[in-house]
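Everything below concerns the one structure shown next.
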Amino acid sequence: MKIQLINPNTSVAMTARLAETARPLLRPGNQLLAVTSSAGPASIECHYDEALCLPGLLQAIRDGERDGAEGHVIACFGDPGLLAAREISRHPVIGIAEAAMHLATWVATGFSIVTTLDRTKIIARHLVERYGFTQYCRGIHAVDIPVLALDGQPQGLQHLMHKACEEALEHDQSGAIVLGCAGMSHLAESLSGALGVPVIDGVGAGLKLVELLGELKLSTSKRGDLDYPLAKPYSGFLQGFAWPRSGPAEPRFSG
Ligand code: 5HY
């Protein structure tokens with residue numbers, strides 16, 4: 001199974017680190033296609049960034065389908081464009097925030113999210129509410145480091161994250177941590193060992209869930225609202241995004 005891991009921000013260095021952490025998790029025989037969005041913001045840290053990362057992300061999904069991907073992981077904690085991505089693929093598409101939150105509820109009755117900037121906590125809060133995890137999420141905390149600065153401080157970051165997670169567990173009386181940024185992915189295992197609680201990285205979680213859905217032969221339903229988009233003209237610089245550009249990527253399901 002070919003699984004596409006999409007970093008919807010344009011940091012190639014971050015994609016490389018995500019791929020390094022994710023690749024060892026793959027089941028033997030499966031293949032990882034790690035890609036960086038070719039257009040959009042350098043990092044996704046507000047609603048504006050989220051909105052403008054979408055064309056690049058959706059283009060990457062189209063390209064991935066063309067290249068034989070049989071599942072996609074959207075590696076950004078805001079789960080940008082998740083439902084639109086599902087509309088243009090019949091394969092499983094998983095967002096890392098939804099993946100991590102689901103897993104957290106299976107290993108603890110309450111979890112805390114630790115993310116990057118104070119400002120982006122609201123994006124995580126909106127997702128918690130949309131996914132119906134309000135009764136499980138006991139708190140959302142930030143280390144106040146911009147996404148792209150996560151790369152620059154490997155030593156300091158481990159220490160800072162450890163302290164933030166410890167405080168979150170104590171303050172929220174929670175039993176698990178959900179990492180609130182794809183760029184924290186490589187820290188999950190060491191933090192889990194140091195804190196003695198499950199620390200869940202959505203990138204690994206998303207990848208394993210795509211594998212699971214693939215093995216169970218469960219694909220995105222094309223009945224109802226997740227069917228392929230309706231054909232119509234798009235104008236201006238989005239003209240090329242009109243569906244179908246050259247017919248659906250996959251035959252339509254009849255059911
Ligand atoms: C992420 N932004 O996972 C997020 C989440 C964040 O560029 N990749 C980004 O705000 O920390």
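For the structure tokens, the naming scheme is as follows: chains receive sequential letters (A, B, ...) according to their order of presentation, residues are indexed from 1 within each chain, and ligands are indexed from 1 in presentation order.
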
Identify, counting only C-alpha atoms and all ligand atoms, the protein, DNA and RNA residues located within 7 Å of ligand 1, and give them as a ChimeraX atom specification. /A:9,43-45,75-78,115-117,120,147,180-183

Write the selection just made, keeping C-alpha atoms, as a PDB file, in the first residue's frame?
ATOM      1  CA  ASN A   9       3.007  23.900   5.009  1.00  0.00           C
ATOM      2  CA  SER A  43       3.841  27.360   8.495  1.00  0.00           C
ATOM      3  CA  ILE A  44       0.182  27.182   9.473  1.00  0.00           C
ATOM      4  CA  GLU A  45      -0.487  29.200  12.610  1.00  0.00           C
ATOM      5  CA  ALA A  75       0.110  16.243   8.636  1.00  0.00           C
ATOM      6  CA  CYS A  76      -0.997  19.505  10.219  1.00  0.00           C
ATOM      7  CA  PHE A  77      -2.766  19.670  13.573  1.00  0.00           C
ATOM      8  CA  GLY A  78      -5.536  21.934  12.248  1.00  0.00           C
ATOM      9  CA  THR A 115       0.578  22.831  21.027  1.00  0.00           C
ATOM     10  CA  THR A 116       2.937  25.541  19.751  1.00  0.00           C
ATOM     11  CA  LEU A 117       1.515  29.073  19.983  1.00  0.00           C
ATOM     12  CA  THR A 120      -3.414  28.563  17.828  1.00  0.00           C
ATOM     13  CA  VAL A 147       6.112  25.965  14.291  1.00  0.00           C
ATOM     14  CA  GLY A 180      -0.601  19.618  19.010  1.00  0.00           C
ATOM     15  CA  CYS A 181       1.780  20.052  16.093  1.00  0.00           C
ATOM     16  CA  ALA A 182       3.163  17.740  13.407  1.00  0.00           C
ATOM     17  CA  GLY A 183       6.577  19.239  14.099  1.00  0.00           C
TER      18      GLY A 183
END

Between CA of Gln239 (chain A) and CA of Thr36 (chain A) lies a distance of 22.4 Å

Which parts of region 18-254 of chain A does DSSP call alpha helix (DSSP H) when run on the backbone here, written out as a VMD selection string? chain A and resid 18 to 22 47 to 52 54 to 66 82 to 87 96 to 107 121 to 131 154 to 172 188 to 195 202 to 215

Report as an mmCIF file with C-alpha atoms, in the first residue's frame all protein, DNA and RNA residues lying within 8 Å of Thr105 (chain A), evaluated on only C-alpha atoms, omitting residues in the same chain fewer than 5 positions from it.
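Result file around.cif:
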data_model
loop_
_atom_site.group_PDB
_atom_site.id
_atom_site.type_symbol
_atom_site.label_atom_id
_atom_site.label_comp_id
_atom_site.auth_asym_id
_atom_site.auth_seq_id
_atom_site.Cartn_x
_atom_site.Cartn_y
_atom_site.Cartn_z
ATOM 1 C CA GLY A 110 -9.119 12.490 29.687
ATOM 2 C CA PHE A 111 -6.316 14.017 27.617
ATOM 3 C CA TYR A 136 -12.369 13.981 26.955
#

Which region 182-234 of chain A residues have any atom within 10 Å of an atom of region 10-21 of chain A, and for each, what is the nearest pair of atoms with distance in Å to one decimal, counting only C-alpha atoms, rows sorted by chain and number, as a Markdown table?
| residue | atom | partner | partner_atom | distance |
| --- | --- | --- | --- | --- |
| A:Ala182 | CA | A:Leu18 | CA | 7.4 |
| A:Gly183 | CA | A:Met14 | CA | 6.6 |
| A:Met184 | CA | A:Leu18 | CA | 9.0 |
| A:Ser185 | CA | A:Leu18 | CA | 6.8 |
| A:His186 | CA | A:Thr21 | CA | 5.8 |
| A:Leu187 | CA | A:Thr21 | CA | 9.4 |
| A:Ala188 | CA | A:Thr21 | CA | 9.9 |
| A:Val203 | CA | A:Leu18 | CA | 7.7 |
| A:Gly204 | CA | A:Thr21 | CA | 7.9 |

Atoms kept (all heavy atoms) for selection, written as a compact mmCIF listing (two decimals), in the first residue's frame:
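Resulting contents of result30.txt:
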# COMPACT_ATOMS: atom_id res chain seq x y z
N ALA A 182 2.44 18.80 14.12
CA ALA A 182 3.16 17.74 13.41
C ALA A 182 4.66 17.82 13.69
O ALA A 182 5.34 16.80 13.80
CB ALA A 182 2.90 17.87 11.91
N GLY A 183 5.15 19.04 13.87
CA GLY A 183 6.58 19.24 14.10
C GLY A 183 7.07 18.69 15.43
O GLY A 183 8.27 18.70 15.71
N MET A 184 6.15 18.22 16.28
CA MET A 184 6.54 17.63 17.57
C MET A 184 6.60 16.11 17.49
O MET A 184 6.91 15.44 18.49
CB MET A 184 5.52 18.02 18.65
CG MET A 184 5.42 19.50 18.92
SD MET A 184 4.00 19.83 20.00
CE MET A 184 4.24 21.58 20.34
N SER A 185 6.28 15.59 16.31
CA SER A 185 6.11 14.15 16.11
C SER A 185 7.27 13.30 16.67
O SER A 185 7.05 12.27 17.32
CB SER A 185 5.97 13.98 14.59
OG SER A 185 6.08 12.69 14.21
N HIS A 186 8.50 13.76 16.43
CA HIS A 186 9.68 12.97 16.83
C HIS A 186 9.86 12.90 18.34
O HIS A 186 10.69 12.13 18.82
CB HIS A 186 10.94 13.57 16.19
CG HIS A 186 11.18 15.00 16.58
ND1 HIS A 186 10.34 16.03 16.23
CD2 HIS A 186 12.17 15.56 17.32
CE1 HIS A 186 10.80 17.17 16.73
NE2 HIS A 186 11.91 16.90 17.39
N LEU A 187 9.08 13.68 19.11
CA LEU A 187 9.26 13.72 20.57
C LEU A 187 8.36 12.74 21.31
O LEU A 187 8.53 12.53 22.51
CB LEU A 187 8.95 15.14 21.09
CG LEU A 187 9.85 16.26 20.55
CD1 LEU A 187 9.31 17.60 21.00
CD2 LEU A 187 11.28 16.06 21.04
N ALA A 188 7.40 12.15 20.60
CA ALA A 188 6.36 11.36 21.28
C ALA A 188 6.95 10.24 22.13
O ALA A 188 6.59 10.08 23.31
CB ALA A 188 5.37 10.81 20.27
N VAL A 203 0.79 12.06 13.63
CA VAL A 203 1.36 11.63 12.34
C VAL A 203 1.45 10.10 12.33
O VAL A 203 0.95 9.44 11.40
CB VAL A 203 2.73 12.28 12.08
CG1 VAL A 203 3.29 11.81 10.75
CG2 VAL A 203 2.62 13.81 12.11
N GLY A 204 2.04 9.55 13.39
CA GLY A 204 2.11 8.09 13.50
C GLY A 204 0.71 7.50 13.58
O GLY A 204 0.40 6.49 12.92

What's around Asn30 (chain A) at 12 Å? Count only C-alpha atoms, leave out sequence neighbours fewer than 6 positions away in its own chain, and write the answer as a list in words. Met1, Lys2, Ile3, Gln4, Ala22, Arg23, Pro24, Ala69, Glu70, Gly71, Leu207, Lys208, Val210, Glu211, Leu212, Gly214 and Glu215 of chain A

Selection above as a file: N, CA and C atoms, as a tab-separated table (two decimals), in the first residue's frame:
chain	number	residue	atom	x	y	z
A	1	MET	N	0.86	-1.20	0.00
A	1	MET	CA	0.00	0.00	0.00
A	1	MET	C	0.88	1.24	0.00
A	2	LYS	N	0.57	2.18	-0.90
A	2	LYS	CA	1.32	3.45	-0.95
A	2	LYS	C	0.53	4.47	-0.15
A	3	ILE	N	1.19	5.07	0.85
A	3	ILE	CA	0.50	6.06	1.69
A	3	ILE	C	1.18	7.41	1.53
A	4	GLN	N	0.36	8.40	1.19
A	4	GLN	CA	0.92	9.74	1.01
A	4	GLN	C	0.82	10.52	2.33
A	22	ALA	N	8.08	8.79	10.65
A	22	ALA	CA	6.94	7.95	10.25
A	22	ALA	C	7.38	6.65	9.57
A	23	ARG	N	8.45	6.71	8.78
A	23	ARG	CA	8.82	5.55	7.95
A	23	ARG	C	9.00	4.25	8.75
A	24	PRO	N	9.68	4.28	9.90
A	24	PRO	CA	9.86	3.03	10.65
A	24	PRO	C	8.55	2.43	11.16
A	69	ALA	N	-1.21	6.72	-4.83
A	69	ALA	CA	-1.43	6.66	-3.37
A	69	ALA	C	-2.77	6.00	-3.07
A	70	GLU	N	-2.77	5.16	-2.05
A	70	GLU	CA	-4.01	4.45	-1.68
A	70	GLU	C	-4.52	4.92	-0.32
A	71	GLY	N	-3.95	6.01	0.16
A	71	GLY	CA	-4.38	6.61	1.43
A	71	GLY	C	-3.55	7.86	1.66
A	207	LEU	N	-1.02	7.60	10.18
A	207	LEU	CA	-0.42	6.61	9.27
A	207	LEU	C	-0.95	5.20	9.57
A	208	LYS	N	-0.97	4.84	10.85
A	208	LYS	CA	-1.41	3.50	11.22
A	208	LYS	C	-2.91	3.32	10.95
A	210	VAL	N	-4.59	4.82	8.53
A	210	VAL	CA	-4.74	4.65	7.08
A	210	VAL	C	-4.42	3.20	6.71
A	211	GLU	N	-3.36	2.65	7.30
A	211	GLU	CA	-3.02	1.25	7.03
A	211	GLU	C	-4.17	0.33	7.43
A	212	LEU	N	-4.72	0.59	8.62
A	212	LEU	CA	-5.82	-0.23	9.13
A	212	LEU	C	-7.03	-0.19	8.19
A	214	GLY	N	-7.06	0.56	5.10
A	214	GLY	CA	-6.68	-0.10	3.84
A	214	GLY	C	-6.78	-1.61	3.97
A	215	GLU	N	-6.28	-2.13	5.10
A	215	GLU	CA	-6.32	-3.59	5.30
A	215	GLU	C	-7.75	-4.10	5.40

So which residues touch Leu169 (chain A) within 12 Å, counting only C-alpha atoms, skipping near sequence neighbours fewer than 2 positions away, as a short mmCIF file (atom, residue, chain, number, x, y, z; two decimals) with all heavy atoms, in the first residue's frame?
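File written: part-v6.cif
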data_model
loop_
_atom_site.label_atom_id
_atom_site.label_comp_id
_atom_site.auth_asym_id
_atom_site.auth_seq_id
_atom_site.Cartn_x
_atom_site.Cartn_y
_atom_site.Cartn_z
N ALA A 108 -7.06 6.66 27.66
CA ALA A 108 -7.25 7.48 28.86
C ALA A 108 -8.68 8.04 28.84
O ALA A 108 -9.28 8.15 27.77
CB ALA A 108 -6.25 8.64 28.88
N GLY A 110 -9.26 11.06 29.94
CA GLY A 110 -9.12 12.49 29.69
C GLY A 110 -7.73 12.78 29.16
O GLY A 110 -6.75 12.17 29.60
N PHE A 111 -7.64 13.67 28.17
CA PHE A 111 -6.32 14.02 27.62
C PHE A 111 -6.12 15.52 27.60
O PHE A 111 -7.09 16.30 27.67
CB PHE A 111 -6.14 13.42 26.21
CG PHE A 111 -7.09 13.94 25.16
CD1 PHE A 111 -6.86 15.17 24.51
CD2 PHE A 111 -8.22 13.21 24.79
CE1 PHE A 111 -7.73 15.63 23.53
CE2 PHE A 111 -9.10 13.67 23.81
CZ PHE A 111 -8.86 14.90 23.18
N SER A 112 -4.85 15.91 27.54
CA SER A 112 -4.48 17.33 27.39
C SER A 112 -3.78 17.48 26.05
O SER A 112 -3.04 16.58 25.63
CB SER A 112 -3.50 17.76 28.48
OG SER A 112 -4.04 17.54 29.75
N ILE A 113 -3.99 18.61 25.40
CA ILE A 113 -3.28 18.91 24.15
C ILE A 113 -2.19 19.92 24.47
O ILE A 113 -2.43 20.91 25.18
CB ILE A 113 -4.24 19.49 23.09
CG1 ILE A 113 -5.36 18.48 22.77
CG2 ILE A 113 -3.48 19.88 21.82
CD1 ILE A 113 -6.43 19.00 21.82
N VAL A 114 -0.98 19.68 23.95
CA VAL A 114 0.10 20.67 24.10
C VAL A 114 0.52 21.08 22.68
O VAL A 114 0.98 20.24 21.89
CB VAL A 114 1.30 20.10 24.88
CG1 VAL A 114 2.43 21.11 24.94
CG2 VAL A 114 0.86 19.70 26.29
N CYS A 137 -11.31 16.09 26.38
CA CYS A 137 -10.19 17.04 26.35
C CYS A 137 -10.26 17.92 27.60
O CYS A 137 -11.13 18.77 27.71
CB CYS A 137 -10.24 17.88 25.08
SG CYS A 137 -8.87 19.05 25.05
N ARG A 138 -9.31 17.73 28.49
CA ARG A 138 -9.37 18.46 29.77
C ARG A 138 -8.60 19.77 29.74
O ARG A 138 -8.66 20.54 30.70
CB ARG A 138 -8.83 17.57 30.89
CG ARG A 138 -9.62 16.27 30.99
CD ARG A 138 -9.81 15.81 32.42
NE ARG A 138 -10.61 14.60 32.42
CZ ARG A 138 -10.22 13.45 32.96
NH1 ARG A 138 -9.04 13.36 33.56
NH2 ARG A 138 -11.01 12.40 32.91
N GLY A 139 -7.85 20.02 28.67
CA GLY A 139 -7.13 21.30 28.61
C GLY A 139 -6.28 21.40 27.35
O GLY A 139 -5.88 20.38 26.78
N ILE A 140 -6.05 22.63 26.92
CA ILE A 140 -5.20 22.88 25.75
C ILE A 140 -4.13 23.88 26.17
O ILE A 140 -4.45 24.94 26.72
CB ILE A 140 -6.02 23.41 24.56
CG1 ILE A 140 -7.15 22.42 24.22
CG2 ILE A 140 -5.14 23.63 23.34
CD1 ILE A 140 -8.10 22.86 23.14
N HIS A 141 -2.88 23.53 25.96
CA HIS A 141 -1.76 24.33 26.46
C HIS A 141 -0.80 24.63 25.31
O HIS A 141 -0.78 23.93 24.31
CB HIS A 141 -1.02 23.55 27.56
CG HIS A 141 -1.94 23.07 28.64
ND1 HIS A 141 -2.08 23.70 29.85
CD2 HIS A 141 -2.82 22.03 28.66
CE1 HIS A 141 -2.99 23.06 30.58
NE2 HIS A 141 -3.45 22.04 29.88
N HIS A 162 8.72 18.67 27.93
CA HIS A 162 8.56 17.82 29.12
C HIS A 162 7.88 18.62 30.23
O HIS A 162 6.92 18.17 30.86
CB HIS A 162 9.93 17.30 29.57
CG HIS A 162 9.84 16.34 30.71
ND1 HIS A 162 9.78 16.75 32.03
CD2 HIS A 162 9.73 14.99 30.75
CE1 HIS A 162 9.67 15.69 32.82
NE2 HIS A 162 9.63 14.61 32.07
N LYS A 163 8.37 19.84 30.44
CA LYS A 163 7.84 20.70 31.50
C LYS A 163 6.36 21.04 31.21
O LYS A 163 5.50 20.95 32.09
CB LYS A 163 8.68 21.97 31.55
CG LYS A 163 8.46 22.83 32.75
CD LYS A 163 9.61 23.82 32.92
CE LYS A 163 9.26 24.92 33.89
NZ LYS A 163 8.37 25.94 33.36
N ALA A 164 6.09 21.41 29.96
CA ALA A 164 4.71 21.79 29.59
C ALA A 164 3.75 20.61 29.75
O ALA A 164 2.62 20.77 30.23
CB ALA A 164 4.68 22.32 28.16
N CYS A 165 4.20 19.42 29.35
CA CYS A 165 3.33 18.23 29.45
C CYS A 165 3.08 17.88 30.92
O CYS A 165 1.95 17.55 31.31
CB CYS A 165 3.95 17.04 28.73
SG CYS A 165 4.02 17.24 26.95
N GLU A 166 4.14 17.96 31.71
CA GLU A 166 4.02 17.65 33.14
C GLU A 166 3.01 18.58 33.80
O GLU A 166 2.12 18.15 34.54
CB GLU A 166 5.39 17.81 33.80
CG GLU A 166 5.68 16.79 34.88
CD GLU A 166 7.15 16.85 35.25
OE1 GLU A 166 7.74 17.95 35.28
OE2 GLU A 166 7.71 15.78 35.50
N GLU A 167 3.13 19.87 33.50
CA GLU A 167 2.21 20.86 34.07
C GLU A 167 0.78 20.62 33.58
O GLU A 167 -0.18 20.75 34.34
CB GLU A 167 2.67 22.27 33.69
CG GLU A 167 3.87 22.71 34.51
CD GLU A 167 4.51 24.02 34.01
OE1 GLU A 167 3.94 24.68 33.12
OE2 GLU A 167 5.59 24.34 34.52
N HIS A 171 -2.27 19.96 35.99
CA HIS A 171 -3.33 20.97 36.00
C HIS A 171 -4.67 20.37 35.58
O HIS A 171 -5.71 20.63 36.19
CB HIS A 171 -2.95 22.13 35.08
CG HIS A 171 -3.99 23.19 35.00
ND1 HIS A 171 -5.02 23.16 34.07
CD2 HIS A 171 -4.21 24.30 35.76
CE1 HIS A 171 -5.80 24.21 34.26
NE2 HIS A 171 -5.32 24.92 35.26
N ASP A 172 -4.64 19.57 34.51
CA ASP A 172 -5.89 19.04 33.94
C ASP A 172 -6.35 17.74 34.60
O ASP A 172 -7.44 17.27 34.32
CB ASP A 172 -5.72 18.77 32.43
CG ASP A 172 -5.35 20.02 31.65
OD1 ASP A 172 -5.50 21.13 32.18
OD2 ASP A 172 -4.89 19.87 30.48
N GLN A 173 -5.44 17.14 35.39
CA GLN A 173 -5.72 15.80 35.94
C GLN A 173 -6.08 14.85 34.81
O GLN A 173 -7.08 14.13 34.85
CB GLN A 173 -6.83 15.85 37.00
CG GLN A 173 -6.38 16.54 38.29
CD GLN A 173 -5.27 15.76 39.01
OE1 GLN A 173 -5.48 14.67 39.48
NE2 GLN A 173 -4.04 16.32 39.04
N SER A 174 -5.24 14.87 33.76
CA SER A 174 -5.49 14.02 32.59
C SER A 174 -4.52 12.85 32.57
O SER A 174 -3.54 12.84 33.32
CB SER A 174 -5.34 14.85 31.31
OG SER A 174 -4.07 15.46 31.29
N GLY A 175 -4.81 11.87 31.72
CA GLY A 175 -4.00 10.65 31.69
C GLY A 175 -3.18 10.48 30.44
O GLY A 175 -2.43 9.51 30.31
N ALA A 176 -3.29 11.40 29.48
CA ALA A 176 -2.56 11.26 28.22
C ALA A 176 -2.33 12.64 27.62
O ALA A 176 -3.08 13.59 27.90
CB ALA A 176 -3.34 10.39 27.23
N ILE A 177 -1.29 12.72 26.79
CA ILE A 177 -0.98 13.97 26.09
C ILE A 177 -1.16 13.76 24.60
O ILE A 177 -0.71 12.75 24.04
CB ILE A 177 0.50 14.38 26.34
CG1 ILE A 177 0.75 14.69 27.82
CG2 ILE A 177 0.92 15.55 25.45
CD1 ILE A 177 0.19 16.01 28.32
N VAL A 178 -1.81 14.72 23.96
CA VAL A 178 -1.88 14.75 22.50
C VAL A 178 -0.95 15.88 22.04
O VAL A 178 -1.10 17.03 22.48
CB VAL A 178 -3.33 15.01 22.02
CG1 VAL A 178 -3.37 15.42 20.56
CG2 VAL A 178 -4.19 13.77 22.25
N LEU A 195 7.56 10.73 30.88
CA LEU A 195 6.39 11.14 31.66
C LEU A 195 5.61 9.96 32.23
O LEU A 195 4.82 10.11 33.15
CB LEU A 195 5.45 11.99 30.80
CG LEU A 195 5.99 13.35 30.34
CD1 LEU A 195 5.20 13.87 29.14
CD2 LEU A 195 5.91 14.36 31.49
N GLY A 196 5.80 8.79 31.62
CA GLY A 196 5.09 7.61 32.09
C GLY A 196 3.61 7.60 31.73
O GLY A 196 2.81 6.92 32.38
N VAL A 197 3.22 8.35 30.71
CA VAL A 197 1.83 8.33 30.22
C VAL A 197 1.88 8.25 28.69
O VAL A 197 2.90 8.59 28.09
CB VAL A 197 1.03 9.60 30.61
CG1 VAL A 197 0.90 9.75 32.12
CG2 VAL A 197 1.64 10.85 29.99
N PRO A 198 0.77 7.83 28.06
CA PRO A 198 0.77 7.83 26.59
C PRO A 198 0.88 9.26 26.05
O PRO A 198 0.13 10.14 26.48
CB PRO A 198 -0.60 7.23 26.23
CG PRO A 198 -1.11 6.58 27.47
CD PRO A 198 -0.48 7.31 28.63
N VAL A 199 1.84 9.46 25.16
CA VAL A 199 1.98 10.75 24.47
C VAL A 199 1.73 10.43 23.00
O VAL A 199 2.46 9.64 22.39
CB VAL A 199 3.38 11.35 24.68
CG1 VAL A 199 3.56 12.61 23.83
CG2 VAL A 199 3.58 11.69 26.17
#

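Proximity to Ile74 (chain A) at 10 Å, evaluated using only C-alpha atoms and with sequence-adjacent residues fewer than 2 positions away removed, yields A:Gln4, A:Leu5, A:Ile6, A:Asn7, A:Pro8, A:Leu57, A:Ile61, A:His72, A:Cys76, A:Phe77, A:Gly78, A:Asp79, A:Pro80, A:Gly81, A:Leu82, A:Ala85, A:Val93, A:Ile94, A:Gly95, A:Ile96, A:Ala97, A:Ala182, A:Gly202, A:Val203, A:Gly206, A:Leu207.
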
Among region 7-233 of chain A, which ones does DSSP place in strand (DSSP E or B), written as a ChimeraX atom specification? /A:7,31-36,72-74,93-95,111-115,137-142,176-179,199-200
